[in-house]
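protein_36.cif follows (mmCIF, C-alpha atoms):
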```
data_model
loop_
_atom_site.label_atom_id
_atom_site.label_comp_id
_atom_site.auth_asym_id
_atom_site.auth_seq_id
_atom_site.Cartn_x
_atom_site.Cartn_y
_atom_site.Cartn_z
CA MET A 13 -7.81 -14.98 36.18
CA THR A 14 -4.26 -13.85 36.54
CA LYS A 15 -2.62 -10.78 38.02
CA VAL A 16 -0.52 -8.92 35.47
CA THR A 17 1.94 -6.28 36.67
CA LEU A 18 3.75 -4.19 34.08
CA GLU A 19 5.57 -0.91 33.80
CA VAL A 20 3.71 0.88 31.01
CA ASN A 21 5.17 4.18 29.76
CA GLY A 22 7.09 4.52 33.01
CA LYS A 23 4.14 3.86 35.31
CA LYS A 24 3.60 0.67 37.27
CA VAL A 25 0.21 -0.92 36.59
CA SER A 26 -1.35 -4.03 38.02
CA LYS A 27 -4.64 -5.62 36.93
CA GLU A 28 -6.47 -8.88 37.45
CA VAL A 29 -7.44 -10.17 33.98
CA PRO A 30 -8.55 -13.45 32.34
CA ASP A 31 -5.58 -15.67 31.42
CA HIS A 32 -6.28 -15.36 27.68
CA THR A 33 -6.08 -11.53 27.68
CA LEU A 34 -3.92 -10.28 24.82
CA LEU A 35 -1.47 -7.47 25.49
CA SER A 36 -3.33 -5.32 22.92
CA VAL A 37 -6.60 -5.87 24.82
CA PHE A 38 -4.88 -5.20 28.16
CA LEU A 39 -3.54 -1.87 26.88
CA ARG A 40 -6.72 -0.75 25.12
CA ASP A 41 -9.51 -2.07 27.35
CA ASN A 42 -7.89 -2.21 30.77
CA LEU A 43 -5.58 0.80 30.59
CA ASN A 44 -7.57 2.83 28.03
CA LEU A 45 -4.41 3.32 25.94
CA THR A 46 -6.21 3.22 22.60
CA GLY A 47 -3.27 4.55 20.59
CA THR A 48 -2.24 0.93 20.06
CA HIS A 49 -4.44 -0.10 17.14
CA VAL A 50 -5.75 -3.49 16.10
CA GLY A 51 -5.94 -3.61 12.33
CA CYS A 52 -6.10 -7.16 11.08
CA ASP A 53 -6.27 -9.40 14.14
CA THR A 54 -4.28 -12.00 12.18
CA SER A 55 -0.81 -10.73 13.13
CA GLN A 56 0.06 -9.35 9.72
CA CYS A 57 -0.65 -5.61 9.73
CA GLY A 58 1.59 -4.33 12.53
CA ALA A 59 -0.78 -1.58 13.73
CA CYS A 60 -0.51 -3.06 17.25
CA VAL A 61 3.29 -2.88 17.56
CA VAL A 62 4.58 -1.78 20.97
CA HIS A 63 7.93 -2.16 22.70
CA VAL A 64 8.47 -4.79 25.37
CA ASN A 65 11.78 -4.26 27.18
CA GLY A 66 12.86 -2.06 24.27
CA LYS A 67 12.08 -4.50 21.45
CA SER A 68 9.20 -4.12 19.00
CA ILE A 69 6.59 -6.86 19.12
CA LYS A 70 3.01 -7.38 17.97
CA SER A 71 0.79 -6.88 21.00
CA CYS A 72 -2.17 -8.63 19.33
CA SER A 73 -0.20 -11.88 19.26
CA THR A 74 1.20 -11.72 22.77
CA LEU A 75 -0.52 -12.63 26.00
CA ALA A 76 -0.45 -9.98 28.73
CA ALA A 77 0.47 -12.70 31.25
CA ASP A 78 3.39 -13.70 29.03
CA VAL A 79 5.12 -10.31 29.47
CA GLU A 80 4.54 -10.13 33.25
CA GLY A 81 7.08 -7.84 34.88
CA SER A 82 8.18 -6.22 31.60
CA LYS A 83 8.62 -2.59 30.63
CA VAL A 84 6.12 -1.71 27.90
CA THR A 85 6.21 1.42 25.79
CA THR A 86 3.24 2.39 23.65
CA ILE A 87 2.79 5.27 21.23
CA GLU A 88 1.45 7.33 24.15
CA GLY A 89 4.82 6.97 25.88
CA LEU A 90 6.98 8.51 23.16
CA ALA A 91 6.26 12.24 23.47
CA LYS A 92 8.00 13.89 26.42
CA ASP A 93 6.72 17.05 28.14
CA GLY A 94 4.27 17.77 25.34
CA LYS A 95 6.99 17.60 22.71
CA LEU A 96 6.70 15.04 19.91
CA HIS A 97 9.30 12.28 19.69
CA PRO A 98 11.65 12.91 16.71
CA MET A 99 10.01 9.99 14.85
CA GLN A 100 6.52 11.43 15.38
CA ALA A 101 7.74 14.88 14.31
CA ALA A 102 9.31 13.37 11.18
CA PHE A 103 6.08 11.59 10.21
CA LYS A 104 4.28 14.91 10.58
CA LYS A 105 6.87 16.88 8.63
CA THR A 106 7.15 14.49 5.67
CA HIS A 107 3.43 13.62 5.50
CA GLY A 108 4.17 10.02 6.42
CA LEU A 109 0.50 9.34 7.12
CA GLN A 110 -2.94 9.88 5.71
CA CYS A 111 -5.70 8.11 7.64
CA GLY A 112 -3.30 7.42 10.51
CA TYR A 113 -4.56 3.97 11.41
CA CYS A 114 -1.24 2.19 10.83
CA THR A 115 0.84 5.08 12.15
CA PRO A 116 1.30 4.08 15.82
CA GLY A 117 2.65 0.68 14.76
CA MET A 118 4.80 2.22 12.03
CA VAL A 119 6.31 4.71 14.47
CA MET A 120 7.00 2.11 17.16
CA SER A 121 8.54 -0.26 14.62
CA ALA A 122 10.68 2.51 13.09
CA VAL A 123 11.93 3.67 16.51
CA ASP A 124 13.12 0.10 17.19
CA LEU A 125 14.93 0.06 13.83
CA LEU A 126 16.87 3.24 14.65
CA GLN A 127 17.83 1.82 18.04
CA THR A 128 19.71 -0.97 16.31
CA LYS A 129 20.75 0.79 13.09
CA LYS A 130 21.46 4.51 13.19
CA ASN A 131 21.46 5.32 9.47
CA PRO A 132 19.53 2.63 7.62
CA SER A 133 19.33 2.64 3.81
CA ASP A 134 16.00 2.87 1.98
CA GLN A 135 16.19 -0.87 1.39
CA GLU A 136 16.86 -1.61 5.06
CA ILE A 137 13.93 0.61 6.12
CA ARG A 138 11.59 -1.12 3.67
CA GLU A 139 12.72 -4.57 4.80
CA TRP A 140 12.31 -3.64 8.46
CA LEU A 141 8.79 -2.31 7.86
CA GLU A 142 7.67 -5.49 6.08
CA GLY A 143 5.49 -6.28 9.09
CA ASN A 144 3.68 -2.94 8.96
CA ILE A 145 1.00 -2.50 6.33
CA CYS A 146 -0.20 0.93 5.15
CA ARG A 147 -3.06 1.22 2.71
CA CYS A 148 -2.88 5.00 2.13
CA THR A 149 0.59 6.33 1.56
CA GLY A 150 2.34 3.91 -0.77
CA TYR A 151 5.16 3.94 1.83
CA GLN A 152 7.29 6.60 0.07
CA ASN A 153 6.74 9.25 2.71
CA ILE A 154 7.02 6.74 5.54
CA VAL A 155 10.51 5.84 4.33
CA ALA A 156 11.25 9.57 4.03
CA ALA A 157 10.03 10.05 7.62
CA VAL A 158 12.34 7.35 8.98
CA LYS A 159 15.29 8.87 7.10
CA GLU A 160 14.42 12.31 8.44
CA ALA A 161 14.15 10.96 11.99
CA ALA A 162 17.52 9.22 11.59
CA THR A 163 19.16 12.65 11.30
CA LYS A 164 17.57 13.77 14.60
CA MET A 165 17.81 10.71 16.82
CA MET B 16 -10.37 -16.46 21.61
CA LYS B 17 -11.67 -19.14 23.96
CA SER B 18 -10.50 -18.96 27.54
CA PHE B 19 -7.76 -21.22 28.87
CA ASN B 20 -5.54 -21.62 31.92
CA TYR B 21 -2.10 -20.05 31.50
CA HIS B 22 0.88 -21.74 33.14
CA ALA B 23 4.51 -20.65 33.22
CA PRO B 24 6.53 -23.51 34.74
CA LYS B 25 10.22 -23.03 35.59
CA ASP B 26 11.46 -26.46 34.52
CA VAL B 27 10.81 -29.12 31.90
CA LYS B 28 9.52 -31.67 34.42
CA ASP B 29 6.74 -29.34 35.57
CA ALA B 30 5.91 -28.39 31.98
CA SER B 31 5.63 -32.04 31.06
CA LYS B 32 3.42 -32.80 34.07
CA LEU B 33 0.98 -30.05 33.05
CA ALA B 34 0.67 -31.39 29.49
CA SER B 35 -2.41 -33.34 28.41
CA SER B 36 -4.32 -34.10 25.23
CA ASN B 37 -5.99 -30.71 25.69
CA SER B 38 -2.92 -28.53 26.17
CA ALA B 39 -0.35 -26.69 24.07
CA PHE B 40 3.18 -25.59 24.80
CA LEU B 41 3.64 -21.89 24.11
CA ALA B 42 6.97 -20.45 23.01
CA GLY B 43 6.93 -17.31 20.82
CA GLY B 44 3.25 -17.88 20.05
CA MET B 45 3.56 -16.53 16.52
CA THR B 46 1.43 -19.37 15.18
CA THR B 47 -0.28 -20.69 18.32
CA ILE B 48 -1.90 -17.40 19.33
CA PRO B 49 -3.21 -16.42 15.87
CA SER B 50 -4.54 -19.99 15.45
CA MET B 51 -6.40 -19.72 18.76
CA LYS B 52 -7.73 -16.27 17.86
CA LEU B 53 -9.08 -17.57 14.55
CA GLY B 54 -10.75 -20.46 16.35
CA LEU B 55 -8.60 -23.02 14.51
CA ALA B 56 -7.30 -24.33 17.83
CA SER B 57 -8.39 -24.20 21.45
CA TYR B 58 -6.85 -25.66 24.58
CA LYS B 59 -7.74 -26.06 28.24
CA ASP B 60 -4.17 -25.35 29.29
CA VAL B 61 -1.51 -23.20 27.64
CA ILE B 62 1.93 -23.99 29.00
CA ASP B 63 4.41 -21.17 28.44
CA ILE B 64 7.93 -22.63 28.33
CA LYS B 65 9.88 -19.36 28.03
CA ASN B 66 10.71 -19.23 31.74
CA ILE B 67 12.62 -22.52 31.47
CA LYS B 68 16.15 -21.16 31.26
CA LYS B 69 17.90 -24.24 29.92
CA LEU B 70 15.77 -24.18 26.75
CA SER B 71 17.38 -20.99 25.42
CA GLY B 72 20.82 -20.40 24.00
CA ILE B 73 23.34 -21.29 21.30
CA LYS B 74 26.28 -23.67 21.71
CA VAL B 75 28.93 -24.40 19.11
CA SER B 76 31.21 -27.41 19.36
CA GLY B 77 33.73 -28.64 16.79
CA LYS B 78 31.20 -30.34 14.55
CA THR B 79 27.79 -29.10 15.63
CA VAL B 80 25.72 -26.04 16.46
CA THR B 81 23.06 -26.65 19.11
CA ILE B 82 20.23 -24.15 19.45
CA GLY B 83 17.83 -24.22 22.40
CA ALA B 84 14.13 -24.54 21.61
CA THR B 85 13.09 -21.09 22.85
CA THR B 86 15.93 -19.25 21.11
CA LYS B 87 14.39 -16.51 19.03
CA HIS B 88 14.93 -16.04 15.30
CA VAL B 89 16.58 -12.66 15.92
CA GLU B 90 19.10 -14.31 18.26
CA VAL B 91 20.06 -16.92 15.65
CA ALA B 92 20.18 -14.29 12.89
CA THR B 93 22.55 -12.03 14.83
CA SER B 94 24.63 -14.66 16.64
CA LYS B 95 28.35 -14.28 15.84
CA ASP B 96 28.83 -17.99 16.57
CA VAL B 97 26.11 -19.09 14.14
CA LYS B 98 27.30 -16.61 11.49
CA LYS B 99 30.78 -18.10 11.73
CA ALA B 100 29.84 -21.79 11.91
CA ILE B 101 26.79 -21.95 9.58
CA PRO B 102 26.21 -18.54 7.94
CA ALA B 103 23.34 -19.99 5.88
CA LEU B 104 21.44 -20.76 9.08
CA ALA B 105 21.80 -17.18 10.37
CA LYS B 106 20.66 -15.91 6.96
CA LEU B 107 17.61 -18.19 7.03
CA ALA B 108 16.61 -16.99 10.52
CA GLY B 109 17.06 -13.35 9.49
CA ASN B 110 14.52 -13.71 6.69
CA ILE B 111 11.71 -15.42 8.59
CA GLY B 112 8.48 -13.37 8.71
CA ASP B 113 9.11 -9.77 9.73
CA ALA B 114 11.17 -8.03 12.43
CA GLN B 115 8.45 -8.34 15.08
CA VAL B 116 7.91 -12.04 14.34
CA ARG B 117 11.67 -12.59 14.60
CA ASN B 118 11.66 -10.82 17.98
CA ARG B 119 9.24 -13.43 19.35
CA GLY B 120 9.24 -16.56 17.17
CA THR B 121 11.41 -19.51 18.18
CA ILE B 122 13.14 -22.41 16.47
CA GLY B 123 11.42 -25.01 18.67
CA GLY B 124 8.02 -23.54 17.89
CA SER B 125 8.73 -23.46 14.18
CA ILE B 126 9.78 -27.09 13.89
CA SER B 127 7.12 -28.40 16.29
CA ASN B 128 4.44 -26.69 14.20
CA ASN B 129 5.99 -28.05 10.96
CA ASP B 130 4.20 -25.65 8.65
CA PRO B 131 4.73 -26.95 5.10
CA SER B 132 6.22 -23.58 4.11
CA ALA B 133 8.28 -22.84 7.21
CA CYS B 134 12.00 -22.19 6.65
CA TYR B 135 13.67 -24.00 9.60
CA PRO B 136 12.56 -27.57 8.71
CA SER B 137 14.61 -27.39 5.49
CA ALA B 138 17.73 -26.47 7.49
CA CYS B 139 17.09 -29.38 9.85
CA MET B 140 16.86 -31.81 6.95
CA ALA B 141 19.85 -30.51 4.97
CA LEU B 142 22.09 -30.15 8.04
CA ASN B 143 21.34 -33.68 9.36
CA ALA B 144 19.91 -32.18 12.54
CA VAL B 145 19.13 -34.18 15.64
CA ILE B 146 16.08 -32.97 17.57
CA HIS B 147 16.56 -33.29 21.32
CA THR B 148 13.32 -33.71 23.27
CA ASN B 149 12.69 -34.32 26.97
CA LYS B 150 12.30 -38.01 26.11
CA ARG B 151 14.74 -38.87 23.30
CA LYS B 152 16.77 -37.75 20.28
CA ILE B 153 15.10 -37.83 16.87
CA ASP B 154 16.80 -37.51 13.47
CA ALA B 155 15.26 -34.70 11.40
CA GLU B 156 14.25 -37.07 8.60
CA LYS B 157 12.11 -39.01 11.10
CA PHE B 158 10.86 -35.92 12.94
CA PHE B 159 8.89 -34.24 10.13
CA THR B 160 6.17 -36.77 9.38
CA GLY B 161 3.53 -34.81 7.44
CA MET B 162 1.61 -31.57 7.00
CA PHE B 163 1.72 -29.85 10.43
CA GLU B 164 2.70 -33.25 11.87
CA THR B 165 5.79 -34.40 13.69
CA ALA B 166 7.00 -37.47 15.56
CA LEU B 167 6.38 -35.65 18.87
CA LYS B 168 4.08 -37.47 21.27
CA SER B 169 1.70 -35.90 23.77
CA GLY B 170 3.68 -34.13 26.49
CA GLU B 171 6.92 -34.42 24.53
CA LEU B 172 8.78 -31.14 24.32
CA VAL B 173 11.57 -30.08 21.96
CA GLU B 174 14.53 -28.95 24.08
CA ALA B 175 17.13 -28.19 21.40
CA VAL B 176 18.12 -28.70 17.79
CA GLU B 177 21.64 -29.94 17.01
CA PHE B 178 22.84 -29.08 13.50
CA GLN B 179 25.83 -30.67 11.79
CA ILE B 180 28.26 -27.99 10.56
CA PRO B 181 28.63 -28.42 6.79
CA GLU B 182 31.59 -27.54 4.57
CA LYS B 183 29.35 -25.13 2.67
CA ALA B 184 25.66 -24.27 2.67
CA ASP B 185 23.13 -21.74 1.43
CA TYR B 186 19.41 -21.15 1.68
CA GLN B 187 17.40 -19.54 -1.10
CA LYS B 188 13.75 -18.64 -0.63
CA HIS B 189 11.05 -17.38 -2.95
CA PRO B 190 8.92 -15.61 -0.33
CA ASN B 191 5.23 -14.89 -0.47
CA PRO B 192 5.30 -11.10 -0.85
CA ALA B 193 2.78 -10.57 1.98
CA SER B 194 3.56 -13.19 4.64
CA ARG B 195 7.25 -13.91 3.75
CA TYR B 196 6.52 -17.61 4.06
CA ALA B 197 8.39 -19.72 1.51
CA ILE B 198 6.43 -20.32 -1.69
CA ILE B 199 9.45 -22.55 -2.08
CA GLY B 200 12.71 -22.59 -0.13
CA VAL B 201 15.79 -24.65 -0.96
CA PHE B 202 18.52 -25.43 1.56
CA VAL B 203 21.69 -26.86 0.02
CA ALA B 204 24.35 -28.26 2.35
CA LYS B 205 27.64 -29.78 1.23
CA HIS B 206 28.99 -32.17 3.83
CA LYS B 207 32.28 -34.05 3.67
CA LYS B 208 30.82 -37.12 1.97
CA ASP B 209 27.57 -35.99 0.40
CA VAL B 210 25.25 -33.12 -0.45
CA ASN B 211 21.71 -32.61 0.86
CA VAL B 212 19.14 -30.52 -0.99
CA ALA B 213 16.12 -29.93 1.27
CA VAL B 214 12.98 -28.30 -0.10
CA THR B 215 10.22 -26.54 1.81
CA GLY B 216 7.00 -24.95 0.57
CA ALA B 217 6.71 -27.20 -2.48
CA LYS B 218 4.86 -30.19 -1.00
CA SER B 219 2.75 -30.97 2.07
CA CYS B 220 5.93 -31.53 4.10
CA VAL B 221 9.61 -30.67 3.85
CA TYR B 222 11.65 -33.27 1.92
CA ILE B 223 15.08 -34.08 0.49
CA ASP B 224 15.20 -33.93 -3.31
CA LYS B 225 17.15 -37.11 -3.94
CA ASP B 226 17.91 -36.43 -7.62
CA LEU B 227 19.38 -32.98 -6.98
CA SER B 228 21.28 -34.27 -3.94
CA LYS B 229 22.76 -37.17 -5.92
CA LYS B 230 23.88 -35.01 -8.85
CA LEU B 231 25.49 -32.47 -6.53
CA SER B 232 27.14 -35.21 -4.47
CA SER B 233 29.02 -36.39 -7.53
CA SER B 234 29.79 -32.89 -8.78
CA PHE B 235 29.17 -29.83 -6.60
CA SER B 236 28.60 -27.17 -9.23
CA ALA B 237 25.68 -25.21 -10.63
CA SER B 238 26.35 -26.67 -14.08
CA ALA B 239 25.79 -30.21 -12.71
CA ILE B 240 22.10 -29.41 -12.16
CA GLU B 241 21.64 -26.87 -14.95
CA GLY B 242 18.23 -27.36 -16.60
CA MET B 243 17.40 -30.38 -14.43
CA ASN B 244 13.76 -31.30 -14.71
CA VAL B 245 12.18 -31.40 -11.25
CA LYS B 246 8.86 -33.28 -11.34
CA SER B 247 5.77 -31.33 -10.28
CA SER B 248 3.76 -34.36 -9.16
CA GLY B 249 2.73 -34.06 -5.51
CA MET B 250 3.56 -30.35 -5.41
CA ASN B 251 1.21 -27.72 -4.00
CA SER B 252 -0.86 -25.67 -6.39
CA ASP B 253 -2.58 -22.55 -5.08
CA MET B 254 -3.35 -18.91 -5.83
CA HIS B 255 0.31 -18.02 -5.35
CA ALA B 256 1.96 -20.62 -7.57
CA SER B 257 1.02 -23.65 -9.66
CA ALA B 258 2.73 -27.01 -9.10
CA GLU B 259 4.63 -26.62 -12.38
CA TYR B 260 5.86 -23.15 -11.38
CA ARG B 261 6.97 -24.46 -7.99
CA ALA B 262 8.85 -27.34 -9.66
CA ASN B 263 10.66 -24.89 -11.88
CA LEU B 264 11.52 -22.70 -8.89
CA VAL B 265 13.00 -25.66 -7.00
CA SER B 266 15.42 -26.34 -9.82
CA LEU B 267 16.24 -22.65 -10.23
CA TYR B 268 16.73 -21.93 -6.53
CA ALA B 269 18.82 -25.05 -5.99
CA LYS B 270 21.16 -23.66 -8.64
CA LYS B 271 21.14 -20.23 -7.02
CA ALA B 272 22.00 -21.78 -3.67
CA VAL B 273 24.94 -23.75 -5.12
CA GLU B 274 26.22 -20.59 -6.80
CA ALA B 275 26.02 -18.71 -3.49
CA CYS B 276 27.91 -21.40 -1.55
#
```

Would you mind giving the structure from this file in structure tokens?
Amino acid sequence: MTKVTLEVNGKKVSKEVPDHTLLSVFLRDNLNLTGTHVGCDTSQCGACVVHVNGKSIKSCSTLAADVEGSKVTTIEGLAKDGKLHPMQAAFKKTHGLQCGYCTPGMVMSAVDLLQTKKNPSDQEIREWLEGNICRCTGYQNIVAAVKEAATKM
Amino acid sequence: MKSFNYHAPKDVKDASKLASSNSAFLAGGMTTIPSMKLGLASYKDVIDIKNIKKLSGIKVSGKTVTIGATTKHVEVATSKDVKKAIPALAKLAGNIGDAQVRNRGTIGGSISNNDPSACYPSACMALNAVIHTNKRKIDAEKFFTGMFETALKSGELVEAVEFQIPEKADYQKHPNPASRYAIIGVFVAKHKKDVNVAVTGAKSCVYIDKDLSKKLSSSFSASAIEGMNVKSSGMNSDMHASAEYRANLVSLYAKKAVEAC
């Protein structure tokens, strides 16, 4: 067992967990933050993307113990005072989702993109989202959502 | 995933002491963790080396670029020093996997794993790299010994990779559309005296194509290797590409790389 202390969505949390606990499991099972999804469990789908110290990573391929002391932001941490984050609002406005399973990872990944590149091209958005798989939308409206959000962020 | 003991030592000596025949060093974990989750690997001890400060960072001297083992792909891809000294190496790092993999994956992890379709081993071979471990220095050509196999011994840890700065270089990859692993990848490096053409993804282990290297050493131009017949014997054949298709791609992408130099 190991004690993992993190700042998750601005709140300090500390839990005693088995050493092999994945960050995705820590968030979902220990903190009940089930917005972080686990789609493939083979590190390819990107549904589990969260931010660790501001950078997007796959929480299903990261040990909780490995990010000890870090600041973690999940999809639950984006909206402020009941108001959707501009990226969430853009996904809603442009119909960037259907079943919604991949959406938390898509949103977290896209927010990271706009932190490093303010006005990405369609090509840059598509390349950045290579690690996020969607089986509903055909990606067109997801790209539209990121472009829409880029005008607001 | 089977349980294990997690360790995060602060220096190489402690990391080495913890190592046994039933342990693994953990850097970015982009292969190690999925392998453990799938039950393809299990260890009693997992030794995280990311807290060892001296293993991370990029140093450029007159003739070489040295990259610490735990330096992430994103750091190599965006490094001004690497872009200036060996732009092909920054380009290679920037096209590994996806953004989230590049935010975690490391050069030391990539070469220690020696996946037959990983990108970095081809750069090591073409750029006459020297692999620094906690025990010795190993030339790249002696480091990559077979499919997922290296010259590393139990408890031996890669500390840094020292690349020779070439006159010109380029890396061209035909990526698997889903995983972005190289179906084939060709790294061409023109040094003062000779040219190295390293190929990944085509066979069970990265290798130097001697025929292409020889032709380009005598004349460094795309026309020198135009239509060259690369033999398909020993090449991988799978659902993504037949051996013959891979052989054709090697020839084609070598040419593309020379043109881009």

Neighbour list for stretch 207-222 of chain B as a JSON list (two decimals) with C-alpha atoms, in the coordinates of the input, cut-off 7 Å, only C-alpha atoms, skip fewer than 3 positions in-chain:
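Output below, filename result.json:
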```
[["chain", "number", "residue", "atom", "x", "y", "z"],
["B", 131, "PRO", "CA", 4.73, -26.95, 5.10],
["B", 132, "SER", "CA", 6.22, -23.58, 4.11],
["B", 133, "ALA", "CA", 8.28, -22.84, 7.21],
["B", 134, "CYS", "CA", 12.00, -22.19, 6.65],
["B", 136, "PRO", "CA", 12.56, -27.57, 8.71],
["B", 137, "SER", "CA", 14.61, -27.39, 5.49],
["B", 140, "MET", "CA", 16.86, -31.81, 6.95],
["B", 141, "ALA", "CA", 19.85, -30.51, 4.97],
["B", 161, "GLY", "CA", 3.53, -34.81, 7.44],
["B", 162, "MET", "CA", 1.61, -31.57, 7.00],
["B", 182, "GLU", "CA", 31.59, -27.54, 4.57],
["B", 197, "ALA", "CA", 8.39, -19.72, 1.51],
["B", 198, "ILE", "CA", 6.43, -20.32, -1.69],
["B", 199, "ILE", "CA", 9.45, -22.55, -2.08],
["B", 200, "GLY", "CA", 12.71, -22.59, -0.13],
["B", 201, "VAL", "CA", 15.79, -24.65, -0.96],
["B", 202, "PHE", "CA", 18.52, -25.43, 1.56],
["B", 203, "VAL", "CA", 21.69, -26.86, 0.02],
["B", 204, "ALA", "CA", 24.35, -28.26, 2.35],
["B", 227, "LEU", "CA", 19.38, -32.98, -6.98],
["B", 228, "SER", "CA", 21.28, -34.27, -3.94],
["B", 231, "LEU", "CA", 25.49, -32.47, -6.53],
["B", 232, "SER", "CA", 27.14, -35.21, -4.47],
["B", 249, "GLY", "CA", 2.73, -34.06, -5.51],
["B", 250, "MET", "CA", 3.56, -30.35, -5.41],
["B", 251, "ASN", "CA", 1.21, -27.72, -4.00],
["B", 261, "ARG", "CA", 6.97, -24.46, -7.99]]
```

Which residues come within 9 Å of A:Cys114, counting all atoms listed in the file, excluding same-chain residues fewer than 4 positions away, as a PDB file with C-alpha atoms, in the coordinates of the input?
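Writing done, so here's out-v8.pdb:
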```pdb
ATOM      1  CA  HIS A  49      -4.440  -0.100  17.140  1.00  0.00           C
ATOM      2  CA  VAL A  50      -5.750  -3.490  16.100  1.00  0.00           C
ATOM      3  CA  GLY A  51      -5.940  -3.610  12.330  1.00  0.00           C
ATOM      4  CA  CYS A  57      -0.650  -5.610   9.730  1.00  0.00           C
ATOM      5  CA  GLY A  58       1.590  -4.330  12.530  1.00  0.00           C
ATOM      6  CA  ALA A  59      -0.780  -1.580  13.730  1.00  0.00           C
ATOM      7  CA  CYS A  60      -0.510  -3.060  17.250  1.00  0.00           C
ATOM      8  CA  LEU A 109       0.500   9.340   7.120  1.00  0.00           C
ATOM      9  CA  MET A 118       4.800   2.220  12.030  1.00  0.00           C
ATOM     10  CA  VAL A 119       6.310   4.710  14.470  1.00  0.00           C
ATOM     11  CA  ASN A 144       3.680  -2.940   8.960  1.00  0.00           C
ATOM     12  CA  ILE A 145       1.000  -2.500   6.330  1.00  0.00           C
ATOM     13  CA  CYS A 146      -0.200   0.930   5.150  1.00  0.00           C
ATOM     14  CA  ARG A 147      -3.060   1.220   2.710  1.00  0.00           C
TER      15      ARG A 147
END
```

task: Could you expand the PyMOL selection byres ((chain B) within 9 of (chain A)) into the explicit residues it covers here, written as a ChimeraX atom specification?
output: /B:16-21,23,43-50,52-53,63,65,112-119,193-195

task: Measure the distance from atom CA of B:Lys74 to atom CA of B:Ala30 in Å and round it to one decimal.
output: 23.3 Å

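Distance-wise, atom CA of B:Gly83 and atom CA of B:Ala56 end up 25.5 Å apart.
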
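When the PyMOL selection byres ((chain A and resi 85-102) around 8) is evaluated against the file, it yields Val20, Asn21, Gly22, Leu45, Gly47, Thr48, Val62, His63, Val64, Gly66, Lys83, Val84, Phe103, Lys104, Lys105, Thr106, Gly108, Pro116, Gly117, Val119, Met120, Ala122, Val123, Ala157, Val158, Glu160, Ala161, Lys164 and Met165 of chain A.
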
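For the pair atom CA of B:Ser127 and atom CA of B:Glu171, the separation is 10.2 Å.
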
Suppose a student applies the PyMOL selection byres ((chain B and resi 60) around 7) to this structure; what residues should they get, written as a PDB file with C-alpha atoms, in the frame of the given file?
```pdb
ATOM      1  CA  PHE B  19      -7.760 -21.220  28.870  1.00  0.00           C
ATOM      2  CA  ASN B  20      -5.540 -21.620  31.920  1.00  0.00           C
ATOM      3  CA  TYR B  21      -2.100 -20.050  31.500  1.00  0.00           C
ATOM      4  CA  ASN B  37      -5.990 -30.710  25.690  1.00  0.00           C
ATOM      5  CA  SER B  38      -2.920 -28.530  26.170  1.00  0.00           C
ATOM      6  CA  ALA B  39      -0.350 -26.690  24.070  1.00  0.00           C
ATOM      7  CA  TYR B  58      -6.850 -25.660  24.580  1.00  0.00           C
ATOM      8  CA  LYS B  59      -7.740 -26.060  28.240  1.00  0.00           C
ATOM      9  CA  VAL B  61      -1.510 -23.200  27.640  1.00  0.00           C
ATOM     10  CA  ILE B  62       1.930 -23.990  29.000  1.00  0.00           C
TER      11      ILE B  62
END
```

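Excluding A:Cys111 and any residue on its chain fewer than 4 positions from it, the residues at most 9 Å away by all atoms listed in the file are Thr115, Arg147, Cys148 and Thr149 of chain A.
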
- request: Within 12 Å of B:Asn244, counting only C-alpha atoms, which residues show up once you throw out same-chain ones fewer than 6 positions away? Write them as a PyMOL selection string, please.
  value: chain B and resi 224+226-227+259-267+269

Generate N, CA and C atoms for stretch 53-61 of chain A and emit them as a CSV table (one decimal), in the frame of the given file.
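selection.csv, written as the output of this step:
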```csv
chain,number,residue,atom,x,y,z
A,53,ASP,N,-6.0,-8.3,13.2
A,53,ASP,CA,-6.3,-9.4,14.1
A,53,ASP,C,-5.7,-10.7,13.7
A,54,THR,N,-4.9,-10.7,12.6
A,54,THR,CA,-4.3,-12.0,12.2
A,54,THR,C,-2.8,-11.9,12.2
A,55,SER,N,-2.3,-10.9,12.9
A,55,SER,CA,-0.8,-10.7,13.1
A,55,SER,C,0.0,-10.3,11.9
A,56,GLN,N,-0.7,-9.7,10.9
A,56,GLN,CA,0.1,-9.4,9.7
A,56,GLN,C,0.3,-7.9,9.5
A,57,CYS,N,-0.6,-7.0,10.1
A,57,CYS,CA,-0.6,-5.6,9.7
A,57,CYS,C,0.3,-4.7,10.5
A,58,GLY,N,0.6,-5.1,11.8
A,58,GLY,CA,1.6,-4.3,12.5
A,58,GLY,C,1.1,-3.1,13.2
A,59,ALA,N,-0.2,-2.8,13.1
A,59,ALA,CA,-0.8,-1.6,13.7
A,59,ALA,C,-0.7,-1.6,15.3
A,60,CYS,N,-0.5,-2.9,15.8
A,60,CYS,CA,-0.5,-3.1,17.2
A,60,CYS,C,0.9,-3.1,17.9
A,61,VAL,N,1.9,-2.7,17.1
A,61,VAL,CA,3.3,-2.9,17.6
A,61,VAL,C,3.6,-2.0,18.7
```
